[in-house]
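Engineer: You'll find input_15.pdb just under this line, and it carries PDB, C-alpha atoms, pLDDT in the B column.
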```pdb
ATOM      1  CA  MET A   1      13.247 -18.319 -40.537  1.00 43.00           C
ATOM      2  CA  PRO A   2      13.184 -17.952 -36.761  1.00 44.00           C
ATOM      3  CA  LEU A   3      12.654 -14.455 -35.464  1.00 42.00           C
ATOM      4  CA  LYS A   4      15.473 -12.843 -33.554  1.00 40.00           C
ATOM      5  CA  LYS A   5      14.918 -10.674 -30.542  1.00 38.00           C
ATOM      6  CA  SER A   6      15.732  -7.086 -31.254  1.00 40.00           C
ATOM      7  CA  GLY A   7      18.401  -5.241 -29.332  1.00 41.00           C
ATOM      8  CA  ALA A   8      15.722  -2.944 -27.918  1.00 37.00           C
ATOM      9  CA  ALA A   9      13.800  -5.888 -26.490  1.00 35.00           C
ATOM     10  CA  THR A  10      16.958  -7.325 -24.962  1.00 34.00           C
ATOM     11  CA  GLU A  11      17.828  -3.946 -23.447  1.00 35.00           C
ATOM     12  CA  LEU A  12      14.306  -3.605 -22.008  1.00 32.00           C
ATOM     13  CA  HIS A  13      14.595  -7.007 -20.404  1.00 35.00           C
ATOM     14  CA  GLN A  14      17.885  -6.000 -18.843  1.00 39.00           C
ATOM     15  CA  VAL A  15      16.459  -2.735 -17.496  1.00 40.00           C
ATOM     16  CA  GLU A  16      13.513  -4.522 -15.885  1.00 43.00           C
ATOM     17  CA  THR A  17      15.694  -7.095 -14.152  1.00 46.00           C
ATOM     18  CA  ARG A  18      15.664  -6.482 -10.382  1.00 51.00           C
ATOM     19  CA  ASP A  19      18.711  -7.173  -8.257  1.00 57.00           C
ATOM     20  CA  TYR A  20      16.831  -7.418  -4.959  1.00 60.00           C
ATOM     21  CA  GLY A  21      14.764 -10.135  -3.409  1.00 63.00           C
ATOM     22  CA  ARG A  22      11.025  -9.978  -3.937  1.00 72.00           C
ATOM     23  CA  ASP A  23      10.301 -10.489  -0.254  1.00 88.00           C
ATOM     24  CA  PHE A  24       9.437  -7.725   2.204  1.00 94.00           C
ATOM     25  CA  ASP A  25      13.025  -6.989   3.207  1.00 94.00           C
ATOM     26  CA  GLY A  26      14.105  -6.842  -0.425  1.00 94.00           C
ATOM     27  CA  LEU A  27      11.379  -4.354  -1.311  1.00 95.00           C
ATOM     28  CA  VAL A  28      12.247  -2.134   1.640  1.00 96.00           C
ATOM     29  CA  ALA A  29      15.882  -2.195   0.551  1.00 96.00           C
ATOM     30  CA  GLN A  30      14.820  -1.076  -2.931  1.00 96.00           C
ATOM     31  CA  LEU A  31      13.350   2.109  -1.456  1.00 97.00           C
ATOM     32  CA  ARG A  32      16.966   3.254  -0.990  1.00 96.00           C
ATOM     33  CA  ASP A  33      18.140   2.272  -4.479  1.00 97.00           C
ATOM     34  CA  PRO A  34      19.849   5.107  -6.434  1.00 97.00           C
ATOM     35  CA  GLU A  35      17.545   4.510  -9.415  1.00 97.00           C
ATOM     36  CA  PRO A  36      14.135   6.256  -9.148  1.00 97.00           C
ATOM     37  CA  GLY A  37      12.509   3.530 -11.248  1.00 96.00           C
ATOM     38  CA  VAL A  38      13.543   0.850  -8.783  1.00 96.00           C
ATOM     39  CA  ARG A  39      12.290   2.917  -5.849  1.00 97.00           C
ATOM     40  CA  ARG A  40       9.000   3.585  -7.633  1.00 97.00           C
ATOM     41  CA  TRP A  41       8.314  -0.100  -8.296  1.00 96.00           C
ATOM     42  CA  ALA A  42       9.223  -0.981  -4.721  1.00 97.00           C
ATOM     43  CA  ALA A  43       6.849   1.675  -3.397  1.00 97.00           C
ATOM     44  CA  ARG A  44       4.036   0.248  -5.537  1.00 97.00           C
ATOM     45  CA  ASP A  45       4.749  -3.329  -4.527  1.00 96.00           C
ATOM     46  CA  LEU A  46       4.717  -2.427  -0.818  1.00 97.00           C
ATOM     47  CA  ALA A  47       1.128  -1.165  -1.020  1.00 97.00           C
ATOM     48  CA  SER A  48      -0.109  -4.599   0.045  1.00 94.00           C
ATOM     49  CA  GLU A  49       2.279  -4.829   3.008  1.00 95.00           C
ATOM     50  CA  PRO A  50       0.896  -3.355   6.255  1.00 95.00           C
ATOM     51  CA  ARG A  51       4.362  -3.841   7.774  1.00 95.00           C
ATOM     52  CA  ALA A  52       5.715  -1.268   5.313  1.00 97.00           C
ATOM     53  CA  ALA A  53       4.006   1.724   6.957  1.00 97.00           C
ATOM     54  CA  VAL A  54       7.071   2.978   8.818  1.00 97.00           C
ATOM     55  CA  ALA A  55       9.422   2.408   5.874  1.00 98.00           C
ATOM     56  CA  VAL A  56       7.105   4.179   3.421  1.00 98.00           C
ATOM     57  CA  CYS A  57       6.718   7.225   5.694  1.00 98.00           C
ATOM     58  CA  ALA A  58      10.441   7.382   6.369  1.00 97.00           C
ATOM     59  CA  ARG A  59      11.225   7.259   2.647  1.00 97.00           C
ATOM     60  CA  LEU A  60       8.716  10.022   1.907  1.00 97.00           C
ATOM     61  CA  ALA A  61      10.562  12.374   4.239  1.00 95.00           C
ATOM     62  CA  GLU A  62      13.696  11.927   2.093  1.00 96.00           C
ATOM     63  CA  GLU A  63      12.391  11.235  -1.405  1.00 97.00           C
ATOM     64  CA  GLY A  64      13.096  13.922  -4.005  1.00 94.00           C
ATOM     65  CA  ASP A  65      11.702  12.295  -7.146  1.00 97.00           C
ATOM     66  CA  ALA A  66       8.121  13.371  -7.859  1.00 96.00           C
ATOM     67  CA  SER A  67       7.019  10.085  -9.431  1.00 97.00           C
ATOM     68  CA  VAL A  68       8.375   8.053  -6.525  1.00 98.00           C
ATOM     69  CA  ARG A  69       6.594  10.357  -4.088  1.00 98.00           C
ATOM     70  CA  VAL A  70       3.300   9.743  -5.880  1.00 97.00           C
ATOM     71  CA  ALA A  71       3.821   5.980  -5.621  1.00 98.00           C
ATOM     72  CA  LEU A  72       4.714   6.271  -1.928  1.00 98.00           C
ATOM     73  CA  PHE A  73       1.669   8.408  -1.144  1.00 98.00           C
ATOM     74  CA  ASN A  74      -0.597   5.997  -3.058  1.00 98.00           C
ATOM     75  CA  SER A  75       0.808   3.059  -1.124  1.00 98.00           C
ATOM     76  CA  ALA A  76       0.433   4.947   2.155  1.00 98.00           C
ATOM     77  CA  THR A  77      -3.274   5.426   1.423  1.00 97.00           C
ATOM     78  CA  GLN A  78      -3.712   1.730   0.626  1.00 97.00           C
ATOM     79  CA  ILE A  79      -1.796   0.612   3.724  1.00 98.00           C
ATOM     80  CA  GLY A  80      -3.672   2.991   6.035  1.00 97.00           C
ATOM     81  CA  GLY A  81      -3.800   2.540   9.785  1.00 96.00           C
ATOM     82  CA  ALA A  82      -2.411   4.415  12.768  1.00 96.00           C
ATOM     83  CA  ALA A  83       1.248   4.207  11.728  1.00 97.00           C
ATOM     84  CA  ILE A  84       0.525   5.857   8.387  1.00 98.00           C
ATOM     85  CA  VAL A  85      -1.527   8.579  10.077  1.00 98.00           C
ATOM     86  CA  GLN A  86       1.310   9.309  12.487  1.00 97.00           C
ATOM     87  CA  GLY A  87       3.776   9.513   9.616  1.00 97.00           C
ATOM     88  CA  MET A  88       1.557  11.866   7.628  1.00 98.00           C
ATOM     89  CA  VAL A  89       0.988  14.081  10.670  1.00 97.00           C
ATOM     90  CA  ARG A  90       4.765  14.459  10.996  1.00 97.00           C
ATOM     91  CA  LEU A  91       4.920  15.545   7.349  1.00 97.00           C
ATOM     92  CA  LEU A  92       2.507  18.400   8.087  1.00 96.00           C
ATOM     93  CA  ARG A  93       5.485  20.102   9.740  1.00 95.00           C
ATOM     94  CA  SER A  94       7.647  19.823   6.638  1.00 95.00           C
ATOM     95  CA  GLU A  95       8.932  22.951   4.880  1.00 94.00           C
ATOM     96  CA  ASP A  96       8.148  21.188   1.591  1.00 96.00           C
ATOM     97  CA  ALA A  97       4.661  22.185   0.404  1.00 95.00           C
ATOM     98  CA  GLY A  98       4.480  19.114  -1.833  1.00 95.00           C
ATOM     99  CA  LEU A  99       4.983  16.808   1.131  1.00 96.00           C
ATOM    100  CA  ARG A 100       2.418  18.675   3.206  1.00 96.00           C
ATOM    101  CA  ASN A 101      -0.185  18.598   0.451  1.00 96.00           C
ATOM    102  CA  GLY A 102       0.434  14.923  -0.197  1.00 97.00           C
ATOM    103  CA  ALA A 103       0.113  14.156   3.498  1.00 97.00           C
ATOM    104  CA  ILE A 104      -3.203  16.033   3.687  1.00 97.00           C
ATOM    105  CA  GLU A 105      -4.498  14.061   0.705  1.00 97.00           C
ATOM    106  CA  VAL A 106      -3.556  10.755   2.332  1.00 98.00           C
ATOM    107  CA  LEU A 107      -5.085  11.753   5.668  1.00 98.00           C
ATOM    108  CA  ALA A 108      -8.287  12.845   3.954  1.00 97.00           C
ATOM    109  CA  GLY A 109      -8.619   9.335   2.548  1.00 96.00           C
ATOM    110  CA  LEU A 110      -8.347   7.746   6.004  1.00 97.00           C
ATOM    111  CA  PRO A 111     -11.136   9.451   8.001  1.00 97.00           C
ATOM    112  CA  ASP A 112     -11.638   6.751  10.621  1.00 96.00           C
ATOM    113  CA  ALA A 113      -7.922   6.443  11.358  1.00 96.00           C
ATOM    114  CA  VAL A 114      -7.459  10.237  11.424  1.00 97.00           C
ATOM    115  CA  ALA A 115     -10.418  11.069  13.653  1.00 97.00           C
ATOM    116  CA  PRO A 116      -8.673  10.276  16.989  1.00 97.00           C
ATOM    117  CA  GLN A 117      -5.882  12.722  16.081  1.00 96.00           C
ATOM    118  CA  VAL A 118      -7.965  15.716  14.993  1.00 98.00           C
ATOM    119  CA  ASP A 119      -8.554  17.309  18.396  1.00 97.00           C
ATOM    120  CA  ALA A 120      -4.821  17.310  19.134  1.00 97.00           C
ATOM    121  CA  LEU A 121      -4.010  18.694  15.684  1.00 98.00           C
ATOM    122  CA  LEU A 122      -6.437  21.564  16.165  1.00 98.00           C
ATOM    123  CA  ARG A 123      -4.741  22.422  19.477  1.00 97.00           C
ATOM    124  CA  ASP A 124      -1.204  22.189  18.132  1.00 98.00           C
ATOM    125  CA  PRO A 125       1.043  25.062  19.338  1.00 97.00           C
ATOM    126  CA  ASP A 126       2.101  25.737  15.736  1.00 97.00           C
ATOM    127  CA  SER A 127      -0.578  27.822  14.020  1.00 97.00           C
ATOM    128  CA  ASP A 128       0.574  26.601  10.604  1.00 97.00           C
ATOM    129  CA  VAL A 129      -0.129  23.016  11.638  1.00 97.00           C
ATOM    130  CA  ARG A 130      -3.574  24.113  12.808  1.00 98.00           C
ATOM    131  CA  ILE A 131      -4.207  25.762   9.435  1.00 98.00           C
ATOM    132  CA  PHE A 132      -3.149  22.614   7.577  1.00 97.00           C
ATOM    133  CA  SER A 133      -5.419  20.595   9.872  1.00 98.00           C
ATOM    134  CA  VAL A 134      -8.347  22.905   9.133  1.00 98.00           C
ATOM    135  CA  ASN A 135      -7.661  22.494   5.417  1.00 97.00           C
ATOM    136  CA  LEU A 136      -7.779  18.751   5.970  1.00 97.00           C
ATOM    137  CA  LEU A 137     -11.279  19.081   7.414  1.00 97.00           C
ATOM    138  CA  GLY A 138     -12.468  20.446   4.091  1.00 95.00           C
ATOM    139  CA  ASP A 139     -11.742  17.087   2.441  1.00 95.00           C
ATOM    140  CA  LEU A 140     -12.336  14.754   5.385  1.00 96.00           C
ATOM    141  CA  ARG A 141     -15.548  12.778   5.008  1.00 94.00           C
ATOM    142  CA  HIS A 142     -16.362  12.360   8.687  1.00 96.00           C
ATOM    143  CA  PRO A 143     -19.549  13.247  10.614  1.00 96.00           C
ATOM    144  CA  ASN A 144     -17.583  15.204  13.237  1.00 96.00           C
ATOM    145  CA  VAL A 145     -16.259  17.789  10.762  1.00 97.00           C
ATOM    146  CA  PRO A 146     -18.857  20.476  11.696  1.00 96.00           C
ATOM    147  CA  GLN A 147     -18.093  19.927  15.385  1.00 96.00           C
ATOM    148  CA  TRP A 148     -14.340  20.284  14.787  1.00 98.00           C
ATOM    149  CA  LEU A 149     -14.882  23.443  12.757  1.00 97.00           C
ATOM    150  CA  ALA A 150     -17.007  24.903  15.543  1.00 97.00           C
ATOM    151  CA  GLN A 151     -14.199  24.180  18.006  1.00 97.00           C
ATOM    152  CA  VAL A 152     -11.832  26.312  15.921  1.00 98.00           C
ATOM    153  CA  LEU A 153     -14.346  29.108  15.391  1.00 98.00           C
ATOM    154  CA  LEU A 154     -15.152  29.302  19.097  1.00 98.00           C
ATOM    155  CA  HIS A 155     -11.715  28.968  20.651  1.00 98.00           C
ATOM    156  CA  ASP A 156      -8.736  29.514  18.335  1.00 98.00           C
ATOM    157  CA  GLU A 157      -7.072  32.876  18.958  1.00 97.00           C
ATOM    158  CA  ALA A 158      -5.150  33.083  15.672  1.00 98.00           C
ATOM    159  CA  VAL A 159      -7.019  35.099  13.065  1.00 97.00           C
ATOM    160  CA  ASN A 160      -5.385  33.191  10.197  1.00 98.00           C
ATOM    161  CA  VAL A 161      -6.559  29.860  11.607  1.00 98.00           C
ATOM    162  CA  VAL A 162     -10.095  31.165  12.077  1.00 98.00           C
ATOM    163  CA  GLY A 163     -10.002  32.607   8.553  1.00 98.00           C
ATOM    164  CA  ALA A 164      -9.082  29.178   7.188  1.00 98.00           C
ATOM    165  CA  ALA A 165     -11.913  27.611   9.192  1.00 98.00           C
ATOM    166  CA  LEU A 166     -14.370  30.125   7.746  1.00 98.00           C
ATOM    167  CA  GLU A 167     -13.377  29.177   4.211  1.00 97.00           C
ATOM    168  CA  VAL A 168     -13.956  25.513   4.998  1.00 98.00           C
ATOM    169  CA  ALA A 169     -17.226  26.265   6.814  1.00 97.00           C
ATOM    170  CA  ALA A 170     -18.509  28.015   3.701  1.00 97.00           C
ATOM    171  CA  GLU A 171     -18.030  24.753   1.821  1.00 96.00           C
ATOM    172  CA  VAL A 172     -18.981  22.049   4.320  1.00 96.00           C
ATOM    173  CA  GLY A 173     -20.647  23.839   7.234  1.00 95.00           C
ATOM    174  CA  THR A 174     -24.126  22.910   8.403  1.00 95.00           C
ATOM    175  CA  ALA A 175     -26.929  24.659  10.263  1.00 95.00           C
ATOM    176  CA  GLY A 176     -25.253  23.496  13.460  1.00 95.00           C
ATOM    177  CA  THR A 177     -22.200  25.591  12.529  1.00 97.00           C
ATOM    178  CA  LEU A 178     -24.148  28.869  12.512  1.00 97.00           C
ATOM    179  CA  PRO A 179     -23.835  29.721  16.241  1.00 97.00           C
ATOM    180  CA  ALA A 180     -20.054  29.238  16.090  1.00 98.00           C
ATOM    181  CA  LEU A 181     -19.861  31.421  12.992  1.00 98.00           C
ATOM    182  CA  ARG A 182     -21.694  34.251  14.723  1.00 98.00           C
ATOM    183  CA  ALA A 183     -19.474  33.840  17.786  1.00 98.00           C
ATOM    184  CA  ALA A 184     -16.372  34.150  15.595  1.00 98.00           C
ATOM    185  CA  ARG A 185     -17.701  37.401  14.153  1.00 97.00           C
ATOM    186  CA  GLU A 186     -18.138  38.766  17.671  1.00 97.00           C
ATOM    187  CA  ARG A 187     -14.682  37.609  18.782  1.00 97.00           C
ATOM    188  CA  PHE A 188     -13.032  39.328  15.806  1.00 97.00           C
ATOM    189  CA  ALA A 189     -15.439  42.243  15.455  1.00 96.00           C
ATOM    190  CA  ALA A 190     -12.675  44.635  14.402  1.00 96.00           C
ATOM    191  CA  ASP A 191     -11.519  42.442  11.546  1.00 97.00           C
ATOM    192  CA  ALA A 192     -13.346  43.271   8.307  1.00 97.00           C
ATOM    193  CA  TYR A 193     -12.163  40.097   6.550  1.00 96.00           C
ATOM    194  CA  ILE A 194     -13.531  37.858   9.306  1.00 98.00           C
ATOM    195  CA  SER A 195     -16.891  39.651   9.220  1.00 97.00           C
ATOM    196  CA  PHE A 196     -17.078  39.300   5.443  1.00 97.00           C
ATOM    197  CA  SER A 197     -16.126  35.609   5.576  1.00 98.00           C
ATOM    198  CA  VAL A 198     -18.673  34.893   8.307  1.00 98.00           C
ATOM    199  CA  ASP A 199     -21.436  36.527   6.282  1.00 97.00           C
ATOM    200  CA  LEU A 200     -20.433  34.560   3.204  1.00 97.00           C
ATOM    201  CA  ALA A 201     -20.377  31.260   5.089  1.00 97.00           C
ATOM    202  CA  ILE A 202     -23.761  31.935   6.690  1.00 97.00           C
ATOM    203  CA  GLU A 203     -25.267  32.877   3.325  1.00 97.00           C
ATOM    204  CA  ARG A 204     -24.020  29.680   1.700  1.00 96.00           C
ATOM    205  CA  ILE A 205     -25.176  27.451   4.546  1.00 96.00           C
ATOM    206  CA  GLU A 206     -28.638  29.029   4.706  1.00 96.00           C
ATOM    207  CA  SER A 207     -29.063  28.746   0.943  1.00 93.00           C
ATOM    208  CA  THR A 208     -28.535  24.994   0.910  1.00 84.00           C
TER     209      THR A 208
END
```
What do you get writing this file as structure tokens?
Structural biologist:
Amino acid sequence: MPLKKSGAATELHQVETRDYGRDFDGLVAQLRDPEPGVRRWAARDLASEPRAAVAVCARLAEEGDASVRVALFNSATQIGGAAIVQGMVRLLRSEDAGLRNGAIEVLAGLPDAVAPQVDALLRDPDSDVRIFSVNLLGDLRHPNVPQWLAQVLLHDEAVNVVGAALEVAAEVGTAGTLPALRAARERFAADAYISFSVDLAIERIEST
């Protein structure tokens, strides 16, 4: 007796059917579909499309579904390049902590593309953006990280930014960071937290 397809299997087939074209334009259109599942699959499929950088970043700024955001951030990391970096930098100014954290994670995975932007980020007029940028340095695998940290320790006037840099320096600082650490302690001599954090960072660096 021939087997009959179950209703569940038929329903699954119907759910998986896509109403958009499988070309680039069709996938970009799917990013605006009302169904999160359609948007999620489109975000995944666009990971191999360098042309999708702008569309992926634009969708992230609007996307409210957590699973779709994850797919978009993953695709952004795979696409990489200057356009993705610019889009992630814009997200650092978002009021949404999830977007900011996701953007930092993507940027951390693109050290060579991010490097040309770091100096400007560390001089941004918004101290919150500078703090987020310092946090990025803690995960950024780039040889200039100690130099960038020293720049913050030597010149930034915001105690919260310097405090963030001290936390990162304690984790990734090198012997070359020590003079900048001591300079930060002198610049903020009246701040007990800064003095404590400097001592902790120096202790950790010298013990490695």
Engineer: Translate the PyMOL selection byres ((chain A and resi 136-146) around 8) into a concrete residue list for this structure, as a list of chain:residue names.
Structural biologist: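 Going through the file, the PyMOL selection byres ((chain A and resi 136-146) around 8) ends up selecting A:Ile104, A:Glu105, A:Leu107, A:Ala108, A:Gly109, A:Pro111, A:Asp112, A:Ala115, A:Phe132, A:Ser133, A:Val134, A:Asn135, A:Gln147, A:Trp148, A:Leu149, A:Ala150, A:Val168, A:Ala169, A:Glu171, A:Val172, A:Gly173, A:Thr174, A:Gly176, A:Thr177.
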Engineer: Keeping only C-alpha atoms, write the selected residues to a file as a tab-separated table (two decimals), in the coordinates of the input.
Structural biologist:
```
chain	number	residue	atom	x	y	z
A	104	ILE	CA	-3.20	16.03	3.69
A	105	GLU	CA	-4.50	14.06	0.70
A	107	LEU	CA	-5.08	11.75	5.67
A	108	ALA	CA	-8.29	12.84	3.95
A	109	GLY	CA	-8.62	9.34	2.55
A	111	PRO	CA	-11.14	9.45	8.00
A	112	ASP	CA	-11.64	6.75	10.62
A	115	ALA	CA	-10.42	11.07	13.65
A	132	PHE	CA	-3.15	22.61	7.58
A	133	SER	CA	-5.42	20.60	9.87
A	134	VAL	CA	-8.35	22.90	9.13
A	135	ASN	CA	-7.66	22.49	5.42
A	147	GLN	CA	-18.09	19.93	15.38
A	148	TRP	CA	-14.34	20.28	14.79
A	149	LEU	CA	-14.88	23.44	12.76
A	150	ALA	CA	-17.01	24.90	15.54
A	168	VAL	CA	-13.96	25.51	5.00
A	169	ALA	CA	-17.23	26.26	6.81
A	171	GLU	CA	-18.03	24.75	1.82
A	172	VAL	CA	-18.98	22.05	4.32
A	173	GLY	CA	-20.65	23.84	7.23
A	174	THR	CA	-24.13	22.91	8.40
A	176	GLY	CA	-25.25	23.50	13.46
A	177	THR	CA	-22.20	25.59	12.53
```
Engineer: Would you mind listing what lies within 10 Å of Arg123 of chain A as a VMD selection string, with only C-alpha atoms counted and same-chain residues fewer than 3 positions away left out?
Structural biologist: chain A and resid 118 to 120 126 to 127 129 to 130 133 151 to 152 155 to 156
Engineer: Let's have the selection written as an mmCIF file, in the coordinates of the input, with C-alpha atoms.
Structural biologist:
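For reference, out.cif as written:
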```cif
data_model
loop_
_atom_site.group_PDB
_atom_site.id
_atom_site.type_symbol
_atom_site.label_atom_id
_atom_site.label_comp_id
_atom_site.auth_asym_id
_atom_site.auth_seq_id
_atom_site.Cartn_x
_atom_site.Cartn_y
_atom_site.Cartn_z
ATOM 1 C CA VAL A 118 -7.965 15.716 14.993
ATOM 2 C CA ASP A 119 -8.554 17.309 18.396
ATOM 3 C CA ALA A 120 -4.821 17.310 19.134
ATOM 4 C CA ASP A 126 2.101 25.737 15.736
ATOM 5 C CA SER A 127 -0.578 27.822 14.020
ATOM 6 C CA VAL A 129 -0.129 23.016 11.638
ATOM 7 C CA ARG A 130 -3.574 24.113 12.808
ATOM 8 C CA SER A 133 -5.419 20.595 9.872
ATOM 9 C CA GLN A 151 -14.199 24.180 18.006
ATOM 10 C CA VAL A 152 -11.832 26.312 15.921
ATOM 11 C CA HIS A 155 -11.715 28.968 20.651
ATOM 12 C CA ASP A 156 -8.736 29.514 18.335
#
```
Engineer: Which of these residues is nearest to Thr77 of chain A, using only C-alpha atoms: A:Val106, A:Leu99, A:Leu121, A:Val54?
Structural biologist: A:Val106
Engineer: Hey, what comes out of the PyMOL selection byres ((chain A and resi 55) around 10) on this file? Could you write it as a PyMOL selection string?
Structural biologist: chain A and resi 28-29+31+43+46+51-54+56-60+72+84+87
Engineer: Please evaluate the PyMOL selection byres ((chain A and resi 113) around 8) against the displayed coordinates and give the resulting residues as JSON, numbers by chain.
Structural biologist: {"A": [80, 81, 82, 85, 110, 111, 112, 114, 115, 116]}
Engineer: Keeping only C-alpha atoms, take the residues you just selected and write them out as a tab-separated table (two decimals), in the frame of the given file.
Structural biologist:
```tsv
chain	number	residue	atom	x	y	z
A	80	GLY	CA	-3.67	2.99	6.04
A	81	GLY	CA	-3.80	2.54	9.78
A	82	ALA	CA	-2.41	4.42	12.77
A	85	VAL	CA	-1.53	8.58	10.08
A	110	LEU	CA	-8.35	7.75	6.00
A	111	PRO	CA	-11.14	9.45	8.00
A	112	ASP	CA	-11.64	6.75	10.62
A	114	VAL	CA	-7.46	10.24	11.42
A	115	ALA	CA	-10.42	11.07	13.65
A	116	PRO	CA	-8.67	10.28	16.99
```
Engineer: Could you please determine the separation between atom CA of Val70 of chain A and atom CA of Ala97 of chain A in Å, to one decimal place?
Structural biologist: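 We find that atom CA of Val70 of chain A and atom CA of Ala97 of chain A lie 14.0 Å from each other.
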Engineer: Taking all atoms of segment 48-55 of chain A that the file lists and extending 4 Å past them on each side, where is the centre of the axis-aligned box and how long are its edges? Answer in Å to one decimal, as AutoDock Vina command-line options.
Structural biologist:
```
--center_x 4.7 --center_y -0.9 --center_z 4.4 --size_x 17.5 --size_y 15.8 --size_z 16.8
```
Engineer: Out of A:Ile131, A:Val198, A:Leu91, A:Ala83, which residue has the shortest atom-to-atom distance to Pro50 of chain A when counting only C-alpha atoms?
Structural biologist: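 Smallest separation from Pro50 of chain A among the options: A:Ala83.
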Engineer: Interatomic distance between atom CA of Ile205 of chain A and atom CA of Val162 of chain A?
Structural biologist: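 One can read the atom CA of Ile205 of chain A to atom CA of Val162 of chain A distance as 17.3 Å.
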Engineer: So that I can see what lies close to Arg32 of chain A, please list as a PDB file with C-alpha atoms, in the coordinates of the input the residues with an atom at most 10 Å from it, counting only C-alpha atoms and leaving out residues fewer than 4 positions away in the same chain.
Structural biologist:
```pdb
ATOM      1  CA  LEU A  27      11.379  -4.354  -1.311  1.00 95.00           C
ATOM      2  CA  VAL A  28      12.247  -2.134   1.640  1.00 96.00           C
ATOM      3  CA  PRO A  36      14.135   6.256  -9.148  1.00 97.00           C
ATOM      4  CA  VAL A  38      13.543   0.850  -8.783  1.00 96.00           C
ATOM      5  CA  ARG A  39      12.290   2.917  -5.849  1.00 97.00           C
ATOM      6  CA  ALA A  42       9.223  -0.981  -4.721  1.00 97.00           C
ATOM      7  CA  ARG A  59      11.225   7.259   2.647  1.00 97.00           C
ATOM      8  CA  GLU A  62      13.696  11.927   2.093  1.00 96.00           C
ATOM      9  CA  GLU A  63      12.391  11.235  -1.405  1.00 97.00           C
TER      10      GLU A  63
END
```
Engineer: To one decimal place, how far is atom CA of Leu166 of chain A from atom CA of Ile194 of chain A in Å?
Structural biologist: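 Between atom CA of Leu166 of chain A and atom CA of Ile194 of chain A the gap is 7.9 Å.
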Engineer: Which residue out of A:Ala201, A:Asp33, A:Ser48, A:Gly64 has the minimum interatomic distance to Ala164 of chain A when all atoms listed in the file are used?
Structural biologist: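 Of A:Ala201, A:Asp33, A:Ser48, A:Gly64, the one nearest Ala164 of chain A, counting all atoms listed in the file, is A:Ala201.
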